[in-house]
file work22.cif (mmCIF, C-alpha atoms (C1' of nucleotides))
data_work
loop_
_atom_site.group_PDB
_atom_site.id
_atom_site.type_symbol
_atom_site.label_atom_id
_atom_site.label_comp_id
_atom_site.auth_asym_id
_atom_site.auth_seq_id
_atom_site.Cartn_x
_atom_site.Cartn_y
_atom_site.Cartn_z
ATOM 1 C CA MET A 1065 115.036 146.687 125.870
ATOM 2 C CA ASN A 1066 113.390 146.410 122.472
ATOM 3 C CA ILE A 1067 109.885 147.413 121.513
ATOM 4 C CA GLY A 1068 108.353 143.983 122.069
ATOM 5 C CA GLU A 1069 109.750 143.783 125.588
ATOM 6 C CA LEU A 1070 108.467 147.260 126.380
ATOM 7 C CA ALA A 1071 105.092 146.294 124.968
ATOM 8 C CA ARG A 1072 104.897 143.272 127.274
ATOM 9 C CA ALA A 1073 106.124 145.326 130.262
ATOM 10 C CA ALA A 1074 103.433 147.966 129.795
ATOM 11 C CA ASP A 1075 100.706 145.684 128.404
ATOM 12 C CA THR A 1076 100.541 147.480 125.057
ATOM 13 C CA LYS A 1077 101.162 146.626 121.443
ATOM 14 C CA ALA A 1078 104.314 147.582 119.603
ATOM 15 C CA GLU A 1079 102.206 149.445 117.055
ATOM 16 C CA THR A 1080 100.673 151.585 119.765
ATOM 17 C CA ILE A 1081 104.122 152.452 121.081
ATOM 18 C CA ARG A 1082 105.272 153.546 117.624
ATOM 19 C CA TYR A 1083 102.075 155.540 117.335
ATOM 20 C CA TYR A 1084 102.750 157.289 120.648
ATOM 21 C CA GLU A 1085 106.221 158.128 119.431
ATOM 22 C CA ARG A 1086 104.860 159.496 116.180
ATOM 23 C CA ILE A 1087 102.461 161.836 117.958
ATOM 24 C CA GLY A 1088 105.146 162.923 120.402
ATOM 25 C CA LEU A 1089 103.710 161.313 123.542
ATOM 26 C CA LEU A 1090 106.696 159.044 124.100
ATOM 27 C CA SER A 1091 110.178 160.373 123.335
ATOM 28 C CA PRO A 1092 112.129 158.543 120.619
ATOM 29 C CA PRO A 1093 114.612 156.169 122.251
ATOM 30 C CA PRO A 1094 118.159 155.641 121.010
ATOM 31 C CA ARG A 1095 118.659 152.982 118.342
ATOM 32 C CA THR A 1096 120.838 149.877 118.323
ATOM 33 C CA ALA A 1097 123.328 149.119 115.558
ATOM 34 C CA GLY A 1098 120.557 147.216 113.785
ATOM 35 C CA ASN A 1099 118.204 150.223 114.007
ATOM 36 C CA TYR A 1100 116.032 148.703 116.723
ATOM 37 C CA ARG A 1101 114.495 151.031 119.293
ATOM 38 C CA ASP A 1102 116.315 150.672 122.623
ATOM 39 C CA TYR A 1103 114.170 151.574 125.646
ATOM 40 C CA SER A 1104 115.075 152.237 129.279
ATOM 41 C CA ALA A 1105 113.248 152.104 132.619
ATOM 42 C CA GLY A 1106 112.111 155.724 132.177
ATOM 43 C CA HIS A 1107 110.234 154.741 129.058
ATOM 44 C CA VAL A 1108 108.553 151.895 130.889
ATOM 45 C CA ARG A 1109 107.374 154.280 133.604
ATOM 46 C CA ARG A 1110 106.093 156.864 131.170
ATOM 47 C CA LEU A 1111 104.295 154.302 129.041
ATOM 48 C CA THR A 1112 102.787 152.535 132.043
ATOM 49 C CA PHE A 1113 101.452 155.858 133.271
ATOM 50 C CA THR A 1114 100.044 156.608 129.843
ATOM 51 C CA ARG A 1115 98.288 153.251 129.506
ATOM 52 C CA ARG A 1116 96.815 153.449 132.989
ATOM 53 C CA ALA A 1117 95.470 156.922 132.290
ATOM 54 C CA ARG A 1118 94.045 155.757 128.942
ATOM 55 C CA ASP A 1119 92.352 152.834 130.719
ATOM 56 C CA LEU A 1120 90.741 155.415 132.972
ATOM 57 C CA GLY A 1121 89.494 157.211 129.877
ATOM 58 C CA PHE A 1122 91.803 160.236 129.880
ATOM 59 C CA SER A 1123 92.275 161.597 126.384
ATOM 60 C CA ILE A 1124 95.711 161.760 124.817
ATOM 61 C CA GLY A 1125 95.558 165.549 125.161
ATOM 62 C CA LYS A 1126 94.930 165.326 128.902
ATOM 63 C CA ILE A 1127 97.637 162.722 129.319
ATOM 64 C CA ARG A 1128 100.042 165.019 127.530
ATOM 65 C CA ALA A 1129 99.138 167.741 130.034
ATOM 66 C CA LEU A 1130 99.552 165.363 132.995
ATOM 67 C CA LEU A 1131 102.947 164.196 131.745
ATOM 68 C CA ASP A 1132 104.092 167.783 131.338
ATOM 69 C CA LEU A 1133 102.925 168.593 134.864
ATOM 70 C CA ALA A 1134 104.613 165.514 136.279
ATOM 71 C CA ASP A 1135 107.928 166.938 135.087
ATOM 72 C CA GLN A 1136 107.518 170.140 137.123
ATOM 73 C CA LYS A 1137 108.093 168.645 140.554
ATOM 74 C CA GLU A 1138 108.064 171.904 142.499
ATOM 75 C CA GLN A 1139 104.708 173.160 141.260
ATOM 76 C CA SER A 1140 101.564 172.609 143.289
ATOM 77 C CA CYS A 1141 99.501 169.682 142.113
ATOM 78 C CA GLU A 1142 96.359 171.761 141.753
ATOM 79 C CA ALA A 1143 96.482 171.560 137.984
ATOM 80 C CA VAL A 1144 96.635 167.764 138.187
ATOM 81 C CA ASP A 1145 93.645 167.746 140.481
ATOM 82 C CA ALA A 1146 91.788 170.021 138.072
ATOM 83 C CA ILE A 1147 92.369 167.708 135.123
ATOM 84 C CA ALA A 1148 91.191 164.711 137.115
ATOM 85 C CA ARG A 1149 88.093 166.571 138.305
ATOM 86 C CA GLU A 1150 87.275 167.702 134.799
ATOM 87 C CA HIS A 1151 87.549 164.140 133.599
ATOM 88 C CA LEU A 1152 85.324 162.945 136.414
ATOM 89 C CA ALA A 1153 82.735 165.497 135.354
ATOM 90 C CA ASP A 1154 82.907 164.121 131.792
ATOM 91 C CA VAL A 1155 82.407 160.618 133.092
ATOM 92 C CA LYS A 1156 79.412 161.697 135.156
ATOM 93 C CA ARG A 1157 77.845 163.339 132.127
ATOM 94 C CA LYS A 1158 78.329 160.204 130.065
ATOM 95 C CA LEU A 1159 76.879 158.070 132.834
ATOM 96 C CA ALA A 1160 73.755 160.202 132.951
ATOM 97 C CA ASP A 1161 73.398 160.081 129.163
ATOM 98 C CA LEU A 1162 73.792 156.321 129.096
ATOM 99 C CA ALA A 1163 71.330 155.840 131.940
ATOM 100 C CA ALA A 1164 68.737 157.863 130.020
ATOM 101 C CA LEU A 1165 69.496 155.837 126.923
ATOM 102 C CA ARG A 1166 69.035 152.643 128.828
ATOM 103 C CA ARG A 1167 65.606 153.726 130.049
ATOM 104 C CA GLU A 1168 64.581 154.528 126.475
ATOM 105 C CA LEU A 1169 65.784 151.213 125.172
ATOM 106 C CA ASP A 1170 64.046 149.374 128.000
ATOM 107 C CA SER A 1171 60.766 151.018 127.122
ATOM 108 C CA LEU A 1172 61.348 150.411 123.416
ATOM 109 C CA ILE A 1173 61.874 146.710 123.962
ATOM 110 C CA GLY A 1174 59.024 146.510 126.436
ATOM 111 C CA GLN A 1175 56.657 147.558 123.651
ATOM 112 C CA CYS A 1176 57.470 144.612 121.397
ATOM 113 C CA ARG A 1177 54.364 142.452 120.849
ATOM 114 C CA HIS A 1178 56.231 139.843 118.806
ATOM 115 C CA GLY A 1179 54.033 140.266 115.740
ATOM 116 C CA THR A 1180 55.073 141.070 112.175
ATOM 117 C CA VAL A 1181 57.365 143.819 111.082
ATOM 118 C CA ALA A 1182 54.371 145.732 109.718
ATOM 119 C CA GLU A 1183 53.041 146.277 113.237
ATOM 120 C CA CYS A 1184 56.374 146.506 115.035
ATOM 121 C CA ARG A 1185 56.237 149.014 117.893
ATOM 122 C CA ILE A 1186 59.995 149.257 118.094
ATOM 123 C CA LEU A 1187 60.271 150.443 114.507
ATOM 124 C CA GLU A 1188 57.315 152.763 115.095
ATOM 125 C CA ALA A 1189 58.904 154.272 118.157
ATOM 126 C CA LEU A 1190 62.111 154.817 116.267
ATOM 127 C CA SER A 1191 60.227 156.744 113.589
ATOM 128 C CA ASP A 1192 58.938 159.516 115.858
ATOM 129 C CA MET B 69 62.483 169.386 98.621
ATOM 130 C CA ASN B 70 66.173 170.228 98.493
ATOM 131 C CA ILE B 71 68.888 169.036 100.819
ATOM 132 C CA GLY B 72 68.679 172.021 103.168
ATOM 133 C CA GLU B 73 64.961 171.562 103.659
ATOM 134 C CA LEU B 74 65.406 167.862 104.348
ATOM 135 C CA ALA B 75 68.172 168.701 106.803
ATOM 136 C CA ARG B 76 65.848 171.038 108.712
ATOM 137 C CA ALA B 77 62.999 168.507 108.606
ATOM 138 C CA ALA B 78 65.130 165.741 110.097
ATOM 139 C CA ASP B 79 67.346 167.916 112.279
ATOM 140 C CA THR B 80 70.544 166.970 110.465
ATOM 141 C CA LYS B 81 73.187 168.730 108.430
ATOM 142 C CA ALA B 82 73.300 168.638 104.665
ATOM 143 C CA GLU B 83 76.793 167.165 104.873
ATOM 144 C CA THR B 84 75.568 164.263 106.957
ATOM 145 C CA ILE B 85 72.839 163.551 104.415
ATOM 146 C CA ARG B 86 75.366 163.451 101.586
ATOM 147 C CA TYR B 87 77.501 161.197 103.745
ATOM 148 C CA TYR B 88 74.571 158.807 104.309
ATOM 149 C CA GLU B 89 73.996 158.743 100.567
ATOM 150 C CA ARG B 90 77.663 158.008 99.928
ATOM 151 C CA ILE B 91 77.671 155.015 102.275
ATOM 152 C CA GLY B 92 74.392 153.737 100.860
ATOM 153 C CA LEU B 93 72.211 154.371 103.910
ATOM 154 C CA LEU B 94 69.923 156.825 102.129
ATOM 155 C CA SER B 95 69.013 156.171 98.491
ATOM 156 C CA PRO B 96 70.111 158.821 95.976
ATOM 157 C CA PRO B 97 67.123 161.052 95.156
ATOM 158 C CA PRO B 98 66.313 162.304 91.647
ATOM 159 C CA ARG B 99 67.952 165.559 90.587
ATOM 160 C CA THR B 100 66.421 168.816 89.402
ATOM 161 C CA ALA B 101 67.402 170.508 86.147
ATOM 162 C CA GLY B 102 70.053 172.419 88.094
ATOM 163 C CA ASN B 103 71.475 169.169 89.528
ATOM 164 C CA TYR B 104 70.059 169.722 93.019
ATOM 165 C CA ARG B 105 68.968 166.654 95.006
ATOM 166 C CA ASP B 106 65.168 166.451 95.108
ATOM 167 C CA TYR B 107 63.808 164.618 98.161
ATOM 168 C CA SER B 108 60.349 163.218 98.917
ATOM 169 C CA ALA B 109 58.403 162.333 102.079
ATOM 170 C CA GLY B 110 59.859 158.802 102.011
ATOM 171 C CA HIS B 111 63.303 160.235 102.395
ATOM 172 C CA VAL B 112 62.194 162.337 105.330
ATOM 173 C CA ARG B 113 60.802 159.247 107.063
ATOM 174 C CA ARG B 114 63.891 157.180 106.436
ATOM 175 C CA LEU B 115 66.237 159.908 107.572
ATOM 176 C CA THR B 116 64.195 160.706 110.668
ATOM 177 C CA PHE B 117 64.284 157.042 111.621
ATOM 178 C CA THR B 118 68.013 156.942 111.064
ATOM 179 C CA ARG B 119 68.688 160.020 113.180
ATOM 180 C CA ARG B 120 66.492 158.826 116.018
ATOM 181 C CA ALA B 121 68.268 155.467 116.056
ATOM 182 C CA ARG B 122 71.660 157.213 115.991
ATOM 183 C CA ASP B 123 70.567 159.374 118.920
ATOM 184 C CA LEU B 124 69.842 156.144 120.769
ATOM 185 C CA GLY B 125 73.347 155.000 119.987
ATOM 186 C CA PHE B 126 72.617 152.394 117.323
ATOM 187 C CA SER B 127 75.577 151.975 114.979
ATOM 188 C CA ILE B 128 75.214 152.616 111.268
ATOM 189 C CA GLY B 129 75.538 148.874 110.705
ATOM 190 C CA LYS B 130 72.639 148.108 113.010
ATOM 191 C CA ILE B 131 70.543 150.873 111.482
ATOM 192 C CA ARG B 132 71.199 149.394 108.070
ATOM 193 C CA ALA B 133 69.914 146.067 109.384
ATOM 194 C CA LEU B 134 66.848 147.712 110.944
ATOM 195 C CA LEU B 135 66.023 149.570 107.733
ATOM 196 C CA ASP B 136 66.324 146.359 105.736
ATOM 197 C CA LEU B 137 64.019 144.596 108.180
ATOM 198 C CA ALA B 138 61.532 147.436 108.108
ATOM 199 C CA ASP B 139 61.078 146.779 104.399
ATOM 200 C CA GLN B 140 60.014 143.165 104.945
ATOM 201 C CA LYS B 141 56.590 143.882 106.373
ATOM 202 C CA GLU B 142 55.415 140.263 106.539
ATOM 203 C CA GLN B 143 58.322 138.920 108.558
ATOM 204 C CA SER B 144 58.091 138.542 112.299
ATOM 205 C CA CYS B 145 59.691 141.391 114.197
ATOM 206 C CA GLU B 146 61.863 139.058 116.240
ATOM 207 C CA ALA B 147 65.008 140.170 114.454
ATOM 208 C CA VAL B 148 64.196 143.803 115.271
ATOM 209 C CA ASP B 149 63.733 142.881 118.907
ATOM 210 C CA ALA B 150 67.052 141.006 118.863
ATOM 211 C CA ILE B 151 68.947 144.021 117.529
ATOM 212 C CA ALA B 152 67.405 146.273 120.146
ATOM 213 C CA ARG B 153 68.208 143.805 122.936
ATOM 214 C CA GLU B 154 71.762 143.422 121.760
ATOM 215 C CA HIS B 155 72.141 147.170 121.782
ATOM 216 C CA LEU B 156 70.667 147.368 125.263
ATOM 217 C CA ALA B 157 73.224 144.804 126.406
ATOM 218 C CA ASP B 158 75.994 146.993 124.931
ATOM 219 C CA VAL B 159 74.635 150.001 126.778
ATOM 220 C CA LYS B 160 74.492 148.065 130.045
ATOM 221 C CA ARG B 161 78.095 146.985 129.634
ATOM 222 C CA LYS B 162 79.181 150.551 128.994
ATOM 223 C CA LEU B 163 77.219 151.761 132.011
ATOM 224 C CA ALA B 164 78.963 149.246 134.248
ATOM 225 C CA ASP B 165 82.369 150.205 132.848
ATOM 226 C CA LEU B 166 81.695 153.882 133.365
ATOM 227 C CA ALA B 167 80.428 153.341 136.897
ATOM 228 C CA ALA B 168 83.635 151.478 137.775
ATOM 229 C CA LEU B 169 85.637 154.257 136.185
ATOM 230 C CA ARG B 170 83.803 156.811 138.210
ATOM 231 C CA ARG B 171 84.615 155.010 141.433
ATOM 232 C CA GLU B 172 88.291 154.901 140.492
ATOM 233 C CA LEU B 173 88.361 158.579 139.643
ATOM 234 C CA ASP B 174 86.557 159.440 142.869
ATOM 235 C CA SER B 175 89.164 157.602 144.889
ATOM 236 C CA LEU B 176 91.973 159.117 142.823
ATOM 237 C CA ILE B 177 90.741 162.624 143.509
ATOM 238 C CA GLY B 178 90.034 161.843 147.142
ATOM 239 C CA GLN B 179 93.726 161.152 147.607
ATOM 240 C CA CYS B 180 94.872 164.625 146.575
ATOM 241 C CA ARG B 181 96.609 166.379 149.508
ATOM 242 C CA HIS B 182 97.100 169.626 147.582
ATOM 243 C CA GLY B 183 100.866 169.581 147.924
ATOM 244 C CA THR B 184 103.504 169.787 145.214
ATOM 245 C CA VAL B 185 103.665 167.724 142.069
ATOM 246 C CA ALA B 186 106.575 165.764 143.552
ATOM 247 C CA GLU B 187 104.305 164.233 146.193
ATOM 248 C CA CYS B 188 101.127 164.080 144.095
ATOM 249 C CA ARG B 189 99.086 160.988 144.958
ATOM 250 C CA ILE B 190 97.067 161.260 141.791
ATOM 251 C CA LEU B 191 100.157 160.972 139.625
ATOM 252 C CA GLU B 192 101.434 158.182 141.846
ATOM 253 C CA ALA B 193 98.207 156.251 141.573
ATOM 254 C CA LEU B 194 98.282 156.627 137.819
ATOM 255 C CA SER B 195 101.775 155.115 137.724
ATOM 256 C CA ASP B 196 100.857 151.736 139.219
ATOM 257 C "C1'" DA C 632 73.166 192.718 86.713
ATOM 258 C "C1'" DT C 633 74.536 191.463 90.876
ATOM 259 C "C1'" DA C 634 74.319 190.136 95.713
ATOM 260 C "C1'" DG C 635 73.559 186.550 98.822
ATOM 261 C "C1'" DA C 636 71.958 182.243 100.076
ATOM 262 C "C1'" DC C 637 71.956 178.097 98.702
ATOM 263 C "C1'" DC C 638 73.684 173.872 96.071
ATOM 264 C "C1'" DT C 639 77.525 170.780 93.772
ATOM 265 C "C1'" DT C 640 81.917 167.753 94.075
ATOM 266 C "C1'" DG C 641 86.102 166.116 95.952
ATOM 267 C "C1'" DG C 642 89.292 165.810 99.452
ATOM 268 C "C1'" DA C 643 91.147 166.346 104.088
ATOM 269 C "C1'" DG C 644 90.655 166.254 109.141
ATOM 270 C "C1'" DT C 645 88.987 164.270 113.733
ATOM 271 C "C1'" DA C 646 90.477 160.238 118.023
ATOM 272 C "C1'" DA C 647 93.153 156.596 119.007
ATOM 273 C "C1'" DC C 648 94.578 153.242 117.416
ATOM 274 C "C1'" DT C 649 95.022 148.709 114.245
ATOM 275 C "C1'" DA C 650 96.465 146.168 110.309
ATOM 276 C "C1'" DC C 651 98.888 145.308 106.703
ATOM 277 C "C1'" DA C 652 102.945 144.987 102.973
ATOM 278 C "C1'" DG C 653 107.523 144.590 101.920
ATOM 279 C "C1'" DG C 654 111.592 144.600 103.692
ATOM 280 C "C1'" DG C 655 115.766 144.087 107.403
ATOM 281 C "C1'" DT C 656 117.869 141.824 111.876
ATOM 282 C "C1'" DC C 657 118.887 138.464 115.289
ATOM 283 C "C1'" DA C 658 119.458 134.069 117.834
ATOM 284 C "C1'" DA C 659 119.571 129.326 117.558
ATOM 285 C "C1'" DC C 660 119.901 124.934 115.453
ATOM 286 C "C1'" DG C 661 122.047 121.502 112.398
ATOM 287 C "C1'" DC D 714 127.927 128.514 107.483
ATOM 288 C "C1'" DG D 715 123.138 128.510 106.056
ATOM 289 C "C1'" DT D 716 118.600 128.773 107.088
ATOM 290 C "C1'" DT D 717 114.452 129.099 109.818
ATOM 291 C "C1'" DG D 718 111.429 131.709 112.587
ATOM 292 C "C1'" DA D 719 110.597 135.343 115.514
ATOM 293 C "C1'" DC D 720 111.176 139.630 115.825
ATOM 294 C "C1'" DC D 721 112.018 144.580 114.125
ATOM 295 C "C1'" DC D 722 111.733 148.607 110.537
ATOM 296 C "C1'" DT D 723 108.959 152.163 107.574
ATOM 297 C "C1'" DG D 724 105.039 153.827 105.352
ATOM 298 C "C1'" DT D 725 100.377 153.636 104.240
ATOM 299 C "C1'" DA D 726 95.542 152.659 104.662
ATOM 300 C "C1'" DG D 727 91.570 151.347 107.348
ATOM 301 C "C1'" DT D 728 88.349 151.958 111.356
ATOM 302 C "C1'" DT D 729 83.572 155.163 113.088
ATOM 303 C "C1'" DA D 730 80.560 158.679 112.021
ATOM 304 C "C1'" DC D 731 80.778 162.420 110.730
ATOM 305 C "C1'" DT D 732 82.574 167.625 109.887
ATOM 306 C "C1'" DC D 733 84.827 171.169 107.376
ATOM 307 C "C1'" DC D 734 86.703 173.359 103.509
ATOM 308 C "C1'" DA D 735 87.676 175.105 98.743
ATOM 309 C "C1'" DA D 736 86.311 176.137 94.270
ATOM 310 C "C1'" DG D 737 82.754 176.471 91.636
ATOM 311 C "C1'" DG D 738 77.491 176.346 89.909
ATOM 312 C "C1'" DT D 739 72.346 177.796 90.735
ATOM 313 C "C1'" DC D 740 68.462 180.289 92.346
ATOM 314 C "C1'" DT D 741 65.852 184.271 93.973
ATOM 315 C "C1'" DA D 742 65.247 188.950 94.726
ATOM 316 C "C1'" DT D 743 66.246 193.539 93.960
#
call {"tool": "encode", "arguments": {"input": "work22.cif", "output": "structure tokens"}}
result
Amino acid sequence: MNIGELARAADTKAETIRYYERIGLLSPPPRTAGNYRDYSAGHVRRLTFTRRARDLGFSIGKIRALLDLADQKEQSCEAVDAIAREHLADVKRKLADLAALRRELDSLIGQCRHGTVAECRILEALSD
Amino acid sequence: MNIGELARAADTKAETIRYYERIGLLSPPPRTAGNYRDYSAGHVRRLTFTRRARDLGFSIGKIRALLDLADQKEQSCEAVDAIAREHLADVKRKLADLAALRRELDSLIGQCRHGTVAECRILEALSD
DNA sequence: ATAGACCTTGGAGTAACTACAGGGTCAACG
DNA sequence: CGTTGACCCTGTAGTTACTCCAAGGTCTAT
């Protein structure tokens, strides 16, 4: 399986796969006679996991930790749970920040009287 | 007024101010005999505006546009309103994305049975 | 005169890719 | 067998908005 096929299988771009290899997130596969990367089903699984976690907003660092944990089958999954909970807390914080932002923008826009720039309330409000 | 004083006045770091100058967002001030940057009240206003807009999540590109508009006092402020509305739309999109994410993470975490890594539902769910 | 706080420049580092440029490989078609 | 076109390779630079650092210059006070 070459890099393009893996990319299609995991809904990624070839460049992203090479990037993941460069930063040590995906192990370097063997090469064909023509120096093409030659991937196996294990790579598909690992990359699919990685992309899904990225889609859910996990950082590369956290994904690295999850992948390491996934290899220690006998350990309790508490650490996995902890990473997920931490990420959820991050998401909640961002949600609250964005909601506050939205309220501010709403009020900013609500002040527009559609006059000239000289008397623009939006620009005024931004200058506080 | 030197760069440190301006930084304190606008709640920024000196490095950020130099960065804004480098990218052309803040005009280069005159220099003192000792080659220190020498800022005036106009710079304070412009930088304060910039920081406030950044805090509200406006990109540097949009701030550049807003600052340009702010200089054309006779124009209607429609364009300002449009930029603010566009930004609000961005924020709303991000809010919706984050809310969906939060639901997914909630369900992910809800599936944890606190067993071993081998039977971890969180890792399983991430592998879909 | 010297200490300490400030300023100067230039360059590198951050996150997570993305986009080339300049070359090599492979499969198919005529 | 030659060539076309789609793919692959490496290495480097760009993206966003800063942040940090090193090596040196300046200013103020003691």
call {"tool": "resolve_selection", "arguments": {"input": "work22.cif", "expression": "the PyMOL selection byres ((chain D and resi 730-738) around 10)", "output": "list in words"}}
result
Lys81, Glu83, Thr84, Tyr87, Tyr88, Gly102, Asn103, Arg122, Ser127 and Ile128 of chain B; DC638, DT639, DT640, DG641, DG642, DA643, DG644 and DT645 of chain C; DT729 and DT739 of chain D
call {"tool": "interface_residues", "arguments": {"input": "work22.cif", "of": "chain D", "to": "chain A", "cutoff": "10 Å", "atoms": "only C-alpha atoms (C1' of nucleotides)", "output": "JSON, numbers by chain"}}
result
{"D": [720, 721, 722]}
call {"tool": "resolve_selection", "arguments": {"input": "work22.cif", "expression": "the PyMOL selection byres ((chain B and resi 176) around 12)", "output": "PyMOL selection string"}}
result
(chain A and resi 1117+1120+1144-1149+1151-1152) or (chain B and resi 169-175+177-181+188-195)
call {"tool": "resolve_selection", "arguments": {"input": "work22.cif", "expression": "the PyMOL selection byres ((chain C and resi 654) around 10)", "output": "list in words"}}
result
DA652, DG653 and DG655 of chain C; DC722 and DT723 of chain D
call {"tool": "calpha_fit_and_write", "arguments": {"input": "work22.cif", "fixed": "chain B", "moving": "chain A", "output": "tab-separated table (two decimals) with C-alpha atoms, in the coordinates of the input"}}
result
chain	number	residue	atom	x	y	z
A	1065	MET	CA	62.57	169.42	98.72
A	1066	ASN	CA	66.26	170.26	98.63
A	1067	ILE	CA	68.97	169.05	100.95
A	1068	GLY	CA	68.78	172.01	103.32
A	1069	GLU	CA	65.05	171.57	103.79
A	1070	LEU	CA	65.49	167.86	104.45
A	1071	ALA	CA	68.25	168.67	106.91
A	1072	ARG	CA	65.95	171.01	108.84
A	1073	ALA	CA	63.07	168.50	108.69
A	1074	ALA	CA	65.17	165.70	110.17
A	1075	ASP	CA	67.41	167.86	112.39
A	1076	THR	CA	70.60	166.89	110.57
A	1077	LYS	CA	73.27	168.64	108.57
A	1078	ALA	CA	73.40	168.58	104.80
A	1079	GLU	CA	76.89	167.10	105.00
A	1080	THR	CA	75.63	164.20	107.07
A	1081	ILE	CA	72.91	163.52	104.52
A	1082	ARG	CA	75.44	163.43	101.69
A	1083	TYR	CA	77.56	161.15	103.83
A	1084	TYR	CA	74.63	158.78	104.37
A	1085	GLU	CA	74.06	158.72	100.64
A	1086	ARG	CA	77.71	157.98	99.99
A	1087	ILE	CA	77.71	154.99	102.32
A	1088	GLY	CA	74.43	153.73	100.90
A	1089	LEU	CA	72.23	154.35	103.95
A	1090	LEU	CA	69.95	156.81	102.18
A	1091	SER	CA	69.06	156.18	98.53
A	1092	PRO	CA	70.16	158.84	96.03
A	1093	PRO	CA	67.19	161.08	95.21
A	1094	PRO	CA	66.41	162.36	91.72
A	1095	ARG	CA	68.08	165.61	90.68
A	1096	THR	CA	66.58	168.90	89.53
A	1097	ALA	CA	67.60	170.61	86.30
A	1098	GLY	CA	70.23	172.49	88.30
A	1099	ASN	CA	71.63	169.22	89.71
A	1100	TYR	CA	70.18	169.76	93.18
A	1101	ARG	CA	69.07	166.70	95.14
A	1102	ASP	CA	65.26	166.52	95.20
A	1103	TYR	CA	63.87	164.65	98.22
A	1104	SER	CA	60.40	163.28	98.97
A	1105	ALA	CA	58.44	162.38	102.11
A	1106	GLY	CA	59.88	158.85	102.04
A	1107	HIS	CA	63.35	160.27	102.43
A	1108	VAL	CA	62.23	162.35	105.38
A	1109	ARG	CA	60.82	159.26	107.09
A	1110	ARG	CA	63.90	157.17	106.46
A	1111	LEU	CA	66.27	159.89	107.61
A	1112	THR	CA	64.20	160.69	110.70
A	1113	PHE	CA	64.28	157.02	111.64
A	1114	THR	CA	68.02	156.91	111.09
A	1115	ARG	CA	68.72	159.99	113.21
A	1116	ARG	CA	66.50	158.78	116.04
A	1117	ALA	CA	68.25	155.42	116.06
A	1118	ARG	CA	71.66	157.13	116.01
A	1119	ASP	CA	70.58	159.30	118.95
A	1120	LEU	CA	69.81	156.07	120.77
A	1121	GLY	CA	73.33	154.90	120.00
A	1122	PHE	CA	72.60	152.30	117.32
A	1123	SER	CA	75.54	151.87	114.99
A	1124	ILE	CA	75.19	152.55	111.28
A	1125	GLY	CA	75.50	148.80	110.69
A	1126	LYS	CA	72.58	148.05	113.01
A	1127	ILE	CA	70.51	150.83	111.49
A	1128	ARG	CA	71.16	149.36	108.07
A	1129	ALA	CA	69.85	146.03	109.37
A	1130	LEU	CA	66.78	147.68	110.93
A	1131	LEU	CA	65.99	149.55	107.72
A	1132	ASP	CA	66.27	146.35	105.71
A	1133	LEU	CA	63.94	144.59	108.15
A	1134	ALA	CA	61.47	147.45	108.07
A	1135	ASP	CA	61.03	146.80	104.36
A	1136	GLN	CA	59.94	143.19	104.90
A	1137	LYS	CA	56.51	143.90	106.34
A	1138	GLU	CA	55.31	140.30	106.50
A	1139	GLN	CA	58.21	138.93	108.52
A	1140	SER	CA	57.97	138.56	112.27
A	1141	CYS	CA	59.60	141.38	114.18
A	1142	GLU	CA	61.76	139.04	116.22
A	1143	ALA	CA	64.90	140.13	114.42
A	1144	VAL	CA	64.12	143.76	115.26
A	1145	ASP	CA	63.65	142.83	118.89
A	1146	ALA	CA	66.95	140.96	118.84
A	1147	ILE	CA	68.86	143.95	117.52
A	1148	ALA	CA	67.33	146.21	120.14
A	1149	ARG	CA	68.11	143.73	122.91
A	1150	GLU	CA	71.68	143.35	121.73
A	1151	HIS	CA	72.08	147.10	121.77
A	1152	LEU	CA	70.61	147.29	125.25
A	1153	ALA	CA	73.16	144.73	126.39
A	1154	ASP	CA	75.93	146.91	124.92
A	1155	VAL	CA	74.58	149.91	126.76
A	1156	LYS	CA	74.46	147.99	130.02
A	1157	ARG	CA	78.06	146.90	129.59
A	1158	LYS	CA	79.15	150.47	128.95
A	1159	LEU	CA	77.21	151.68	131.96
A	1160	ALA	CA	78.96	149.18	134.20
A	1161	ASP	CA	82.36	150.13	132.78
A	1162	LEU	CA	81.70	153.82	133.29
A	1163	ALA	CA	80.43	153.29	136.82
A	1164	ALA	CA	83.65	151.44	137.69
A	1165	LEU	CA	85.64	154.22	136.08
A	1166	ARG	CA	83.80	156.79	138.09
A	1167	ARG	CA	84.61	154.99	141.34
A	1168	GLU	CA	88.29	154.92	140.38
A	1169	LEU	CA	88.35	158.58	139.52
A	1170	ASP	CA	86.54	159.45	142.74
A	1171	SER	CA	89.15	157.63	144.77
A	1172	LEU	CA	91.95	159.17	142.70
A	1173	ILE	CA	90.71	162.67	143.36
A	1174	GLY	CA	89.98	161.90	146.99
A	1175	GLN	CA	93.69	161.22	147.49
A	1176	CYS	CA	94.81	164.70	146.43
A	1177	ARG	CA	96.53	166.49	149.34
A	1178	HIS	CA	96.98	169.73	147.41
A	1179	GLY	CA	100.76	169.74	147.78
A	1180	THR	CA	103.40	169.95	145.06
A	1181	VAL	CA	103.58	167.87	141.95
A	1182	ALA	CA	106.50	165.94	143.44
A	1183	GLU	CA	104.23	164.41	146.08
A	1184	CYS	CA	101.06	164.22	144.00
A	1185	ARG	CA	99.03	161.12	144.85
A	1186	ILE	CA	97.02	161.34	141.67
A	1187	LEU	CA	100.12	161.08	139.50
A	1188	GLU	CA	101.41	158.31	141.77
A	1189	ALA	CA	98.20	156.35	141.47
A	1190	LEU	CA	98.30	156.70	137.72
A	1191	SER	CA	101.80	155.22	137.65
A	1192	ASP	CA	100.88	151.85	139.16
call {"tool": "atom_distance", "arguments": {"input": "work22.cif", "atom1": "atom CA of A:Phe1122", "atom2": "atom CA of A:Arg1072"}}
result
21.6 Å
